[in-house]
Structures are given as C-alpha cells and as structure tokens.
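Text of run.cif, listed as mmCIF, C-alpha atoms:
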data_upload
loop_
_atom_site.label_atom_id
_atom_site.label_comp_id
_atom_site.auth_asym_id
_atom_site.auth_seq_id
_atom_site.Cartn_x
_atom_site.Cartn_y
_atom_site.Cartn_z
CA GLY A 292 88.97 110.97 66.39
CA ALA A 293 86.04 110.13 68.62
CA GLY A 294 85.55 106.54 67.50
CA VAL A 295 86.61 103.22 68.99
CA SER A 296 90.26 102.49 68.35
CA GLN A 297 92.10 99.20 68.48
CA SER A 298 95.76 98.29 68.41
CA PRO A 299 97.62 96.77 66.81
CA SER A 300 95.74 96.64 63.53
CA ASN A 301 97.62 93.49 62.57
CA LYS A 302 99.48 90.99 64.71
CA VAL A 303 101.44 88.00 63.50
CA THR A 304 102.67 85.65 66.17
CA GLU A 305 104.07 82.17 66.55
CA LYS A 306 102.08 79.33 68.00
CA GLY A 307 102.54 79.17 71.75
CA LYS A 308 103.24 82.86 72.29
CA ASP A 309 101.02 85.22 74.29
CA VAL A 310 99.39 88.25 72.66
CA GLU A 311 97.68 91.35 74.00
CA LEU A 312 95.08 93.27 72.03
CA ARG A 313 94.02 96.74 73.08
CA CYS A 314 90.74 98.61 72.77
CA ASP A 315 90.09 102.29 73.47
CA PRO A 316 86.34 102.84 73.66
CA ILE A 317 84.46 106.02 72.96
CA SER A 318 84.78 108.37 75.91
CA GLY A 319 81.79 108.09 78.22
CA HIS A 320 80.68 104.69 76.96
CA THR A 321 80.17 102.45 79.93
CA ALA A 322 79.69 99.20 78.02
CA LEU A 323 82.51 97.44 76.16
CA TYR A 324 82.34 94.26 74.12
CA TRP A 325 84.86 91.95 72.51
CA TYR A 326 83.92 89.79 69.52
CA ARG A 327 85.83 87.37 67.33
CA GLN A 328 85.24 87.21 63.59
CA SER A 329 86.60 84.09 61.95
CA LEU A 330 86.70 83.56 58.20
CA GLY A 331 83.22 82.72 56.95
CA GLN A 332 81.74 83.01 60.43
CA GLY A 333 79.58 85.63 62.05
CA LEU A 334 80.71 87.61 65.02
CA GLU A 335 81.24 85.47 68.08
CA PHE A 336 80.61 87.22 71.39
CA LEU A 337 83.54 86.90 73.77
CA ILE A 338 83.11 89.19 76.77
CA TYR A 339 81.10 92.19 77.99
CA PHE A 340 82.03 94.85 80.51
CA GLN A 341 79.47 97.24 82.01
CA GLY A 342 80.64 99.87 84.45
CA ASN A 343 81.84 98.36 87.70
CA SER A 344 79.75 95.20 87.35
CA ALA A 345 81.33 91.79 87.03
CA PRO A 346 82.03 91.13 83.34
CA ASP A 347 80.06 88.56 81.37
CA LYS A 348 82.79 86.14 80.30
CA SER A 349 80.44 83.49 78.98
CA GLY A 350 81.75 83.74 75.41
CA LEU A 351 85.43 83.20 76.11
CA PRO A 352 86.34 79.98 74.27
CA SER A 353 88.94 78.68 76.70
CA ASP A 354 90.88 79.63 79.80
CA ARG A 355 93.69 80.84 77.54
CA PHE A 356 91.54 83.91 76.88
CA SER A 357 91.16 86.69 79.41
CA ALA A 358 90.28 90.36 79.35
CA GLU A 359 90.38 93.27 81.68
CA ARG A 360 89.14 96.80 81.64
CA THR A 361 91.10 99.29 83.66
CA GLY A 362 89.46 102.37 85.13
CA GLY A 363 86.29 101.72 83.20
CA SER A 364 87.97 102.73 79.96
CA VAL A 365 90.71 100.91 78.05
CA SER A 366 90.41 97.15 77.70
CA THR A 367 93.00 94.50 76.96
CA LEU A 368 92.21 91.06 75.58
CA THR A 369 94.98 88.56 76.30
CA ILE A 370 95.40 85.23 74.57
CA GLN A 371 97.94 82.93 76.17
CA ARG A 372 99.75 80.12 74.36
CA THR A 373 98.17 81.04 71.04
CA GLN A 374 96.98 78.30 68.70
CA GLN A 375 96.41 78.45 64.96
CA GLU A 376 92.65 78.30 65.48
CA ASP A 377 92.90 81.62 67.34
CA SER A 378 93.64 83.34 64.01
CA ALA A 379 90.77 85.75 63.41
CA VAL A 380 89.79 89.40 63.50
CA TYR A 381 89.11 90.56 67.03
CA LEU A 382 86.58 93.38 67.19
CA CYS A 383 85.87 95.67 70.07
CA ALA A 384 82.70 97.72 70.45
CA SER A 385 81.46 100.20 73.00
CA SER A 386 78.09 101.68 73.81
CA LEU A 387 76.04 103.55 76.29
CA VAL A 388 73.93 101.12 78.28
CA SER A 389 71.48 99.19 76.06
CA ALA A 390 72.20 101.33 73.04
CA GLU A 391 73.84 101.11 69.65
CA GLN A 392 77.22 99.41 69.65
CA PHE A 393 80.02 101.31 67.90
CA PHE A 394 82.74 99.08 66.53
CA GLY A 395 86.46 99.58 66.18
CA PRO A 396 88.36 98.56 63.03
CA GLY A 397 89.54 95.31 64.59
CA THR A 398 92.86 93.57 65.11
CA ARG A 399 93.72 90.86 62.59
CA LEU A 400 95.57 88.12 64.46
CA THR A 401 97.53 85.52 62.52
CA VAL A 402 99.07 82.61 64.42
CA LEU A 403 101.73 80.78 62.44
CA GLY B 176 70.59 78.54 71.51
CA GLU B 177 69.79 81.64 69.53
CA ASP B 178 70.80 81.57 65.91
CA VAL B 179 70.82 84.05 63.05
CA GLU B 180 71.28 82.83 59.48
CA GLN B 181 72.08 84.61 56.23
CA SER B 182 73.09 83.54 52.77
CA LEU B 183 76.80 84.09 52.19
CA PHE B 184 76.89 85.83 48.82
CA LEU B 185 74.81 88.14 46.65
CA SER B 186 75.76 89.65 43.34
CA VAL B 187 73.76 92.43 41.65
CA ARG B 188 74.25 94.89 38.82
CA GLU B 189 74.75 98.57 39.52
CA GLY B 190 71.41 100.37 39.58
CA ASP B 191 69.42 97.25 40.48
CA SER B 192 67.88 96.62 43.88
CA SER B 193 69.58 94.27 46.34
CA VAL B 194 67.67 92.20 48.85
CA ILE B 195 69.57 90.58 51.68
CA ASN B 196 67.67 88.10 53.80
CA CYS B 197 68.07 86.93 57.36
CA THR B 198 66.26 84.49 59.62
CA TYR B 199 66.51 84.37 63.38
CA THR B 200 65.28 82.04 66.07
CA ASP B 201 64.87 84.14 69.22
CA SER B 202 61.31 85.44 69.35
CA SER B 203 62.17 87.61 72.35
CA SER B 204 64.45 89.83 70.26
CA THR B 205 63.45 93.44 70.78
CA TYR B 206 65.56 95.07 68.10
CA LEU B 207 66.98 93.71 64.87
CA TYR B 208 69.91 95.39 63.22
CA TRP B 209 71.72 95.65 59.93
CA TYR B 210 75.44 96.40 59.99
CA LYS B 211 77.77 97.04 57.06
CA GLN B 212 81.42 96.07 57.06
CA GLU B 213 83.73 97.46 54.40
CA PRO B 214 87.12 95.84 53.78
CA GLY B 215 89.53 96.39 56.66
CA ALA B 216 86.97 98.29 58.69
CA GLY B 217 84.78 97.64 61.67
CA LEU B 218 81.02 97.29 61.54
CA GLN B 219 78.89 100.32 60.89
CA LEU B 220 75.26 100.38 61.95
CA LEU B 221 73.08 100.96 58.90
CA THR B 222 69.63 100.73 60.36
CA TYR B 223 67.55 98.86 62.88
CA ILE B 224 63.93 97.96 63.42
CA PHE B 225 61.92 97.54 66.57
CA SER B 226 60.19 94.20 66.82
CA ASN B 227 56.69 95.66 66.82
CA MET B 228 57.24 97.26 63.41
CA ASP B 229 56.96 95.49 60.10
CA MET B 230 58.69 98.02 57.89
CA LYS B 231 61.16 100.85 58.16
CA GLN B 232 62.44 103.02 55.32
CA ASP B 233 65.53 105.17 55.43
CA GLN B 234 66.51 106.76 52.10
CA ARG B 235 67.64 103.88 49.84
CA LEU B 236 67.24 101.30 52.61
CA THR B 237 64.04 99.43 53.39
CA VAL B 238 63.84 96.92 56.21
CA LEU B 239 61.00 94.40 56.28
CA LEU B 240 60.26 92.28 59.33
CA ASN B 241 58.00 89.25 59.36
CA LYS B 242 57.86 88.45 63.03
CA LYS B 243 55.68 85.38 62.56
CA ASP B 244 58.26 83.77 60.28
CA LYS B 245 61.23 85.40 62.10
CA HIS B 246 62.43 86.76 58.78
CA LEU B 247 64.20 90.06 58.24
CA SER B 248 65.26 91.60 54.96
CA LEU B 249 67.25 94.61 53.85
CA ARG B 250 66.49 96.12 50.47
CA ILE B 251 68.96 98.57 48.95
CA ALA B 252 67.47 100.54 46.09
CA ASP B 253 69.62 101.72 43.16
CA THR B 254 72.62 99.72 44.37
CA GLN B 255 75.97 101.41 43.78
CA THR B 256 79.51 100.03 43.67
CA GLY B 257 80.12 101.71 47.02
CA ASP B 258 77.53 99.40 48.51
CA SER B 259 79.84 96.42 47.98
CA ALA B 260 80.55 95.14 51.48
CA ILE B 261 79.56 92.46 53.97
CA TYR B 262 76.16 92.99 55.55
CA PHE B 263 75.44 91.51 58.97
CA CYS B 264 72.06 90.92 60.46
CA ALA B 265 71.97 90.94 64.28
CA ALA B 266 69.29 90.28 66.86
CA ASP B 267 69.43 91.27 70.46
CA SER B 268 68.61 88.47 72.83
CA GLY B 269 66.54 90.70 75.09
CA THR B 270 69.77 91.78 76.78
CA TYR B 271 72.94 93.56 75.76
CA LYS B 272 74.10 90.54 73.75
CA TYR B 273 73.68 90.67 70.01
CA ILE B 274 73.58 87.47 68.00
CA PHE B 275 75.14 88.08 64.61
CA GLY B 276 74.62 86.22 61.38
CA THR B 277 77.51 85.01 59.24
CA GLY B 278 77.25 88.07 57.00
CA THR B 279 76.25 88.36 53.34
CA ARG B 280 78.96 89.51 50.97
CA LEU B 281 77.35 91.87 48.44
CA LYS B 282 79.17 92.35 45.17
CA VAL B 283 77.95 95.11 42.89
CA LEU B 284 78.87 94.70 39.23
CA ALA B 285 79.42 97.83 37.17
#
Using the file provided, produce a representation of the structure as structure tokens.
Amino acid sequence: GAGVSQSPSNKVTEKGKDVELRCDPISGHTALYWYRQSLGQGLEFLIYFQGNSAPDKSGLPSDRFSAERTGGSVSTLTIQRTQQEDSAVYLCASSLVSAEQFFGPGTRLTVL
Amino acid sequence: GEDVEQSLFLSVREGDSSVINCTYTDSSSTYLYWYKQEPGAGLQLLTYIFSNMDMKQDQRLTVLLNKKDKHLSLRIADTQTGDSAIYFCAADSGTYKYIFGTGTRLKVLA
C-alpha cells in the first residue's frame, strides 16, 4: 500500500526495558511527525523531522525518548527504561511540506 | 500555550444530525481540521477550513467557524452507524505543528 505504516502494531514490554517503534512514511513525503495518544487525551506532539533540517524535539517528554530518521525516510522512536506512564498509542504521520498530515495506524505500547 | 478543547462524548440516533464542537485559543491558526479515528486505526482527515472562511460544506459534512469566539463545529447530516468513531479537532499554530483536541467519541444508536 501507499500509506504510512508502523510496526509493531502492538508491543508489550516490562518496566525498565527499551523499546523501538518504527515508522515508514509515504514515499516522497519530506516531513515526518511522531505523536503520543494517551487514554482520554488528545494527540501530544513529540518530534518533527523535515528533510535535512535539525528535528524539532520540543515535544519529547524526557531524555528517555529519542528518535532518528535515516536517509530521510524510515524513522525509529526509541524509549529507554520504559515506565508505566509511557503506555499509549504512538502515532506517526508524514506530509509534504506544510500540507495535510497522513497518519499511520499506530503502535499500541503497554508497559507492565 | 495553545489549547484545543472538545467534549468527550456524543450519542445520537441513526438518521439524526450530529454536531461536534471545538474551541481553540490560538488566534493565529491558519487552518482548522477535523480528523476521524476508527477503532484500531490512525487518523483520517475528514475536512478542513481556512481561517478566513466561516462555513464549508462537503457532502454530509458542514464545518462552521466563528473566528471571533474561536469556535469550530462539525455537523454530520443523516448520521449512520459507520460514523461511530472518535473525532479530533486540530488547529495549526501557524507552523507545521498541529494542536489536537482530546477527541469526541461519537456513538450512533441504531
């Protein structure tokens, strides 16, 4: 398909472990976003990548969270030493510059 | 900071109209958006309105914008069971960042 894909769709981990979440954006989209959706909350902006520019990391909640985007395409969001409050759905979106954001189906993370 | 607020739940009968409301605080928002999220799926853009418009209609969807009151609404005519989902209002902050509301869960009763 031509949409945004994310993997895994579900991830259950133990408190203290590291997790990696993957996002494959739509081909040709230069902008990539990560959001966190917690139960009963709106979407919380985490990080934004645009081309070769420095990413906007202003939404990352702590230094346990990091993300990279290799070759301007695939992105990985890493959460180190996971905590129970990290349990949420992590959504990735991509877009052309300043245009509609297309969302992936999300990764549901559960930290036990 | 910027904030977008929505009521959490709405329940309507099939065939009735649904009206989902949203208020936002950032007067510099250029575009305002409505997204739909079905269970287990990502967000799908339903419609959007430019800030210098006060109404936009797209088939069963009508968006009303009151810029003075910073109030946005989405009306769904002839609501169907397939419209049951979470609806998110979002405002751009004049940049690439969208500020999303908490989402309104619409339940359509047969």
May I have the residues at most 12 Å from (74.6, 101.9, 68.9) in the file's coordinates, counting only C-alpha atoms, as a PyMOL selection string? (chain A and resi 294+317+320+322-323+384-394) or (chain B and resi 206-210+218-223+267+271+273)
Go through the shown structure with the PyMOL selection byres ((chain B and resi 253) around 6) and write out the matching residues as a list of chain:residue names.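 When the PyMOL selection byres ((chain B and resi 253) around 6) is applied, the selected residues are B:Gly190, B:Asp191, B:Ser192, B:Ala252, B:Thr254.
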Which residues are near Arg360 in chain A? Cut-off 10 Å, only C-alpha atoms, ignore same chain within fewer than 4 positions. Put them as a PyMOL selection string. chain A and resi 313-315+323+339-343+346+364-368
Compile a residue-level contact table for chain B against chain A at a cut-off of 7 Å, reporting for every qualifying residue the shortest atom pair and its distance in Å to one decimal, with only C-alpha atoms counted, rows ordered by chain and ascending number, as CSV.
residue,atom,partner,partner_atom,distance
B:Gly215,CA,A:Pro396,CA,6.8
B:Ala216,CA,A:Pro396,CA,4.6
B:Gly217,CA,A:Pro396,CA,3.9
B:Leu218,CA,A:Phe394,CA,5.6
B:Gln219,CA,A:Phe394,CA,6.9
B:Tyr271,CA,A:Ser389,CA,5.8
B:Phe275,CA,A:Leu334,CA,5.6
B:Gly276,CA,A:Gly333,CA,5.0
B:Thr277,CA,A:Gly333,CA,3.5
B:Gly278,CA,A:Gly333,CA,6.1
Could you give me, as a list of chain:residue names, the residues within 6 Å of range 233-240 of chain B, counting only C-alpha atoms and dropping anything in the same chain fewer than 3 positions from it?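 The neighbour list is B:Asp229, B:Met230, B:His246, B:Leu247, B:Ser248, B:Leu249, B:Arg250, B:Ile251, B:Ala252.
One finds CA of Lys245 in chain B at 6.6 Å from CA of Thr200 in chain B.
Interatomic distance, CA of Ser226 in chain B against CA of Ala266 in chain B: 9.9 Å.
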List the residues matched by the PyMOL selection byres ((chain B and resi 186) around 10) in the displayed structure as a PDB file with C-alpha atoms, keeping the file's coordinate frame, ordered by chain and then by residue number.
ATOM      1  CA  PHE B 184      76.890  85.830  48.820  1.00  0.00           C
ATOM      2  CA  LEU B 185      74.810  88.140  46.650  1.00  0.00           C
ATOM      3  CA  VAL B 187      73.760  92.430  41.650  1.00  0.00           C
ATOM      4  CA  ARG B 188      74.250  94.890  38.820  1.00  0.00           C
ATOM      5  CA  GLU B 189      74.750  98.570  39.520  1.00  0.00           C
ATOM      6  CA  SER B 193      69.580  94.270  46.340  1.00  0.00           C
ATOM      7  CA  SER B 259      79.840  96.420  47.980  1.00  0.00           C
ATOM      8  CA  ARG B 280      78.960  89.510  50.970  1.00  0.00           C
ATOM      9  CA  LEU B 281      77.350  91.870  48.440  1.00  0.00           C
ATOM     10  CA  LYS B 282      79.170  92.350  45.170  1.00  0.00           C
ATOM     11  CA  VAL B 283      77.950  95.110  42.890  1.00  0.00           C
ATOM     12  CA  LEU B 284      78.870  94.700  39.230  1.00  0.00           C
TER      13      LEU B 284
END
Which is closer to Glu213 in chain B than all the others in B:Phe225, B:Asp244, B:Gly257, B:Cys264, using only C-alpha atoms?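 Under the stated criterion, the closest residue is B:Gly257.
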Can you work out which one of A:Leu337, A:Ala379, A:Ile370, A:Val402 has the shortest atom-to-atom distance to Asp354 in chain A, counting only C-alpha atoms?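 Among the listed residues, the smallest separation from Asp354 in chain A belongs to A:Ile370.
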Could you tell me which of A:Thr369, A:Gly363, A:Asp309, A:Ser357 comes closest to Thr321 in chain A if we count all atoms listed in the file?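 Of the candidates, the smallest distance to Thr321 in chain A is held by A:Gly363.
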Completed range 236-260 of chain B (N, CA and C atoms) as a PDB file, keeping the file's coordinate frame:
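To be explicit, this is the file written out as out-v3.pdb:
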ATOM      1  N   LEU B 236      67.335 102.550  51.860  1.00  0.00           N
ATOM      2  CA  LEU B 236      67.240 101.300  52.610  1.00  0.00           C
ATOM      3  C   LEU B 236      65.803 101.052  53.069  1.00  0.00           C
ATOM      4  N   THR B 237      65.335  99.840  52.872  1.00  0.00           N
ATOM      5  CA  THR B 237      64.040  99.430  53.390  1.00  0.00           C
ATOM      6  C   THR B 237      64.225  98.133  54.162  1.00  0.00           C
ATOM      7  N   VAL B 238      63.773  98.127  55.399  1.00  0.00           N
ATOM      8  CA  VAL B 238      63.840  96.920  56.210  1.00  0.00           C
ATOM      9  C   VAL B 238      62.423  96.371  56.356  1.00  0.00           C
ATOM     10  N   LEU B 239      62.279  95.090  56.094  1.00  0.00           N
ATOM     11  CA  LEU B 239      61.000  94.400  56.280  1.00  0.00           C
ATOM     12  C   LEU B 239      61.168  93.339  57.351  1.00  0.00           C
ATOM     13  N   LEU B 240      60.231  93.276  58.257  1.00  0.00           N
ATOM     14  CA  LEU B 240      60.260  92.280  59.330  1.00  0.00           C
ATOM     15  C   LEU B 240      58.976  91.481  59.320  1.00  0.00           C
ATOM     16  N   ASN B 241      59.117  90.175  59.219  1.00  0.00           N
ATOM     17  CA  ASN B 241      58.000  89.250  59.360  1.00  0.00           C
ATOM     18  C   ASN B 241      58.230  88.509  60.665  1.00  0.00           C
ATOM     19  N   LYS B 242      57.586  88.989  61.698  1.00  0.00           N
ATOM     20  CA  LYS B 242      57.860  88.450  63.030  1.00  0.00           C
ATOM     21  C   LYS B 242      57.357  87.025  63.173  1.00  0.00           C
ATOM     22  N   LYS B 243      56.269  86.722  62.480  1.00  0.00           N
ATOM     23  CA  LYS B 243      55.680  85.380  62.560  1.00  0.00           C
ATOM     24  C   LYS B 243      56.676  84.349  62.029  1.00  0.00           C
ATOM     25  N   ASP B 244      57.302  84.690  60.898  1.00  0.00           N
ATOM     26  CA  ASP B 244      58.260  83.770  60.280  1.00  0.00           C
ATOM     27  C   ASP B 244      59.685  84.021  60.759  1.00  0.00           C
ATOM     28  N   LYS B 245      59.892  85.017  61.612  1.00  0.00           N
ATOM     29  CA  LYS B 245      61.230  85.400  62.100  1.00  0.00           C
ATOM     30  C   LYS B 245      62.155  85.640  60.899  1.00  0.00           C
ATOM     31  N   HIS B 246      61.699  86.461  60.000  1.00  0.00           N
ATOM     32  CA  HIS B 246      62.430  86.760  58.780  1.00  0.00           C
ATOM     33  C   HIS B 246      62.602  88.261  58.650  1.00  0.00           C
ATOM     34  N   LEU B 247      63.824  88.655  58.379  1.00  0.00           N
ATOM     35  CA  LEU B 247      64.200  90.060  58.240  1.00  0.00           C
ATOM     36  C   LEU B 247      64.859  90.239  56.886  1.00  0.00           C
ATOM     37  N   SER B 248      64.563  91.336  56.217  1.00  0.00           N
ATOM     38  CA  SER B 248      65.260  91.600  54.960  1.00  0.00           C
ATOM     39  C   SER B 248      65.682  93.050  54.893  1.00  0.00           C
ATOM     40  N   LEU B 249      66.731  93.269  54.123  1.00  0.00           N
ATOM     41  CA  LEU B 249      67.250  94.610  53.850  1.00  0.00           C
ATOM     42  C   LEU B 249      67.247  94.800  52.347  1.00  0.00           C
ATOM     43  N   ARG B 250      66.506  95.800  51.897  1.00  0.00           N
ATOM     44  CA  ARG B 250      66.490  96.120  50.470  1.00  0.00           C
ATOM     45  C   ARG B 250      67.261  97.406  50.267  1.00  0.00           C
ATOM     46  N   ILE B 251      68.197  97.375  49.329  1.00  0.00           N
ATOM     47  CA  ILE B 251      68.960  98.570  48.950  1.00  0.00           C
ATOM     48  C   ILE B 251      68.524  98.930  47.540  1.00  0.00           C
ATOM     49  N   ALA B 252      67.907 100.088  47.410  1.00  0.00           N
ATOM     50  CA  ALA B 252      67.470 100.540  46.090  1.00  0.00           C
ATOM     51  C   ALA B 252      68.636 101.179  45.338  1.00  0.00           C
ATOM     52  N   ASP B 253      68.614 101.066  44.007  1.00  0.00           N
ATOM     53  CA  ASP B 253      69.620 101.720  43.160  1.00  0.00           C
ATOM     54  C   ASP B 253      71.037 101.420  43.686  1.00  0.00           C
ATOM     55  N   THR B 254      71.347 100.154  43.777  1.00  0.00           N
ATOM     56  CA  THR B 254      72.620  99.720  44.370  1.00  0.00           C
ATOM     57  C   THR B 254      73.809 100.289  43.609  1.00  0.00           C
ATOM     58  N   GLN B 255      74.774 100.803  44.356  1.00  0.00           N
ATOM     59  CA  GLN B 255      75.970 101.410  43.780  1.00  0.00           C
ATOM     60  C   GLN B 255      77.202 100.569  44.123  1.00  0.00           C
ATOM     61  N   THR B 256      78.289 100.798  43.408  1.00  0.00           N
ATOM     62  CA  THR B 256      79.510 100.030  43.670  1.00  0.00           C
ATOM     63  C   THR B 256      79.997 100.253  45.095  1.00  0.00           C
ATOM     64  N   GLY B 257      79.733 101.425  45.641  1.00  0.00           N
ATOM     65  CA  GLY B 257      80.120 101.710  47.020  1.00  0.00           C
ATOM     66  C   GLY B 257      79.337 100.930  48.050  1.00  0.00           C
ATOM     67  N   ASP B 258      78.295 100.242  47.600  1.00  0.00           N
ATOM     68  CA  ASP B 258      77.530  99.400  48.510  1.00  0.00           C
ATOM     69  C   ASP B 258      78.150  98.014  48.668  1.00  0.00           C
ATOM     70  N   SER B 259      79.154  97.724  47.866  1.00  0.00           N
ATOM     71  CA  SER B 259      79.840  96.420  47.980  1.00  0.00           C
ATOM     72  C   SER B 259      80.484  96.315  49.360  1.00  0.00           C
ATOM     73  N   ALA B 260      80.099  95.297  50.095  1.00  0.00           N
ATOM     74  CA  ALA B 260      80.550  95.140  51.480  1.00  0.00           C
ATOM     75  C   ALA B 260      79.951  93.839  52.014  1.00  0.00           C
TER      76      ALA B 260
END
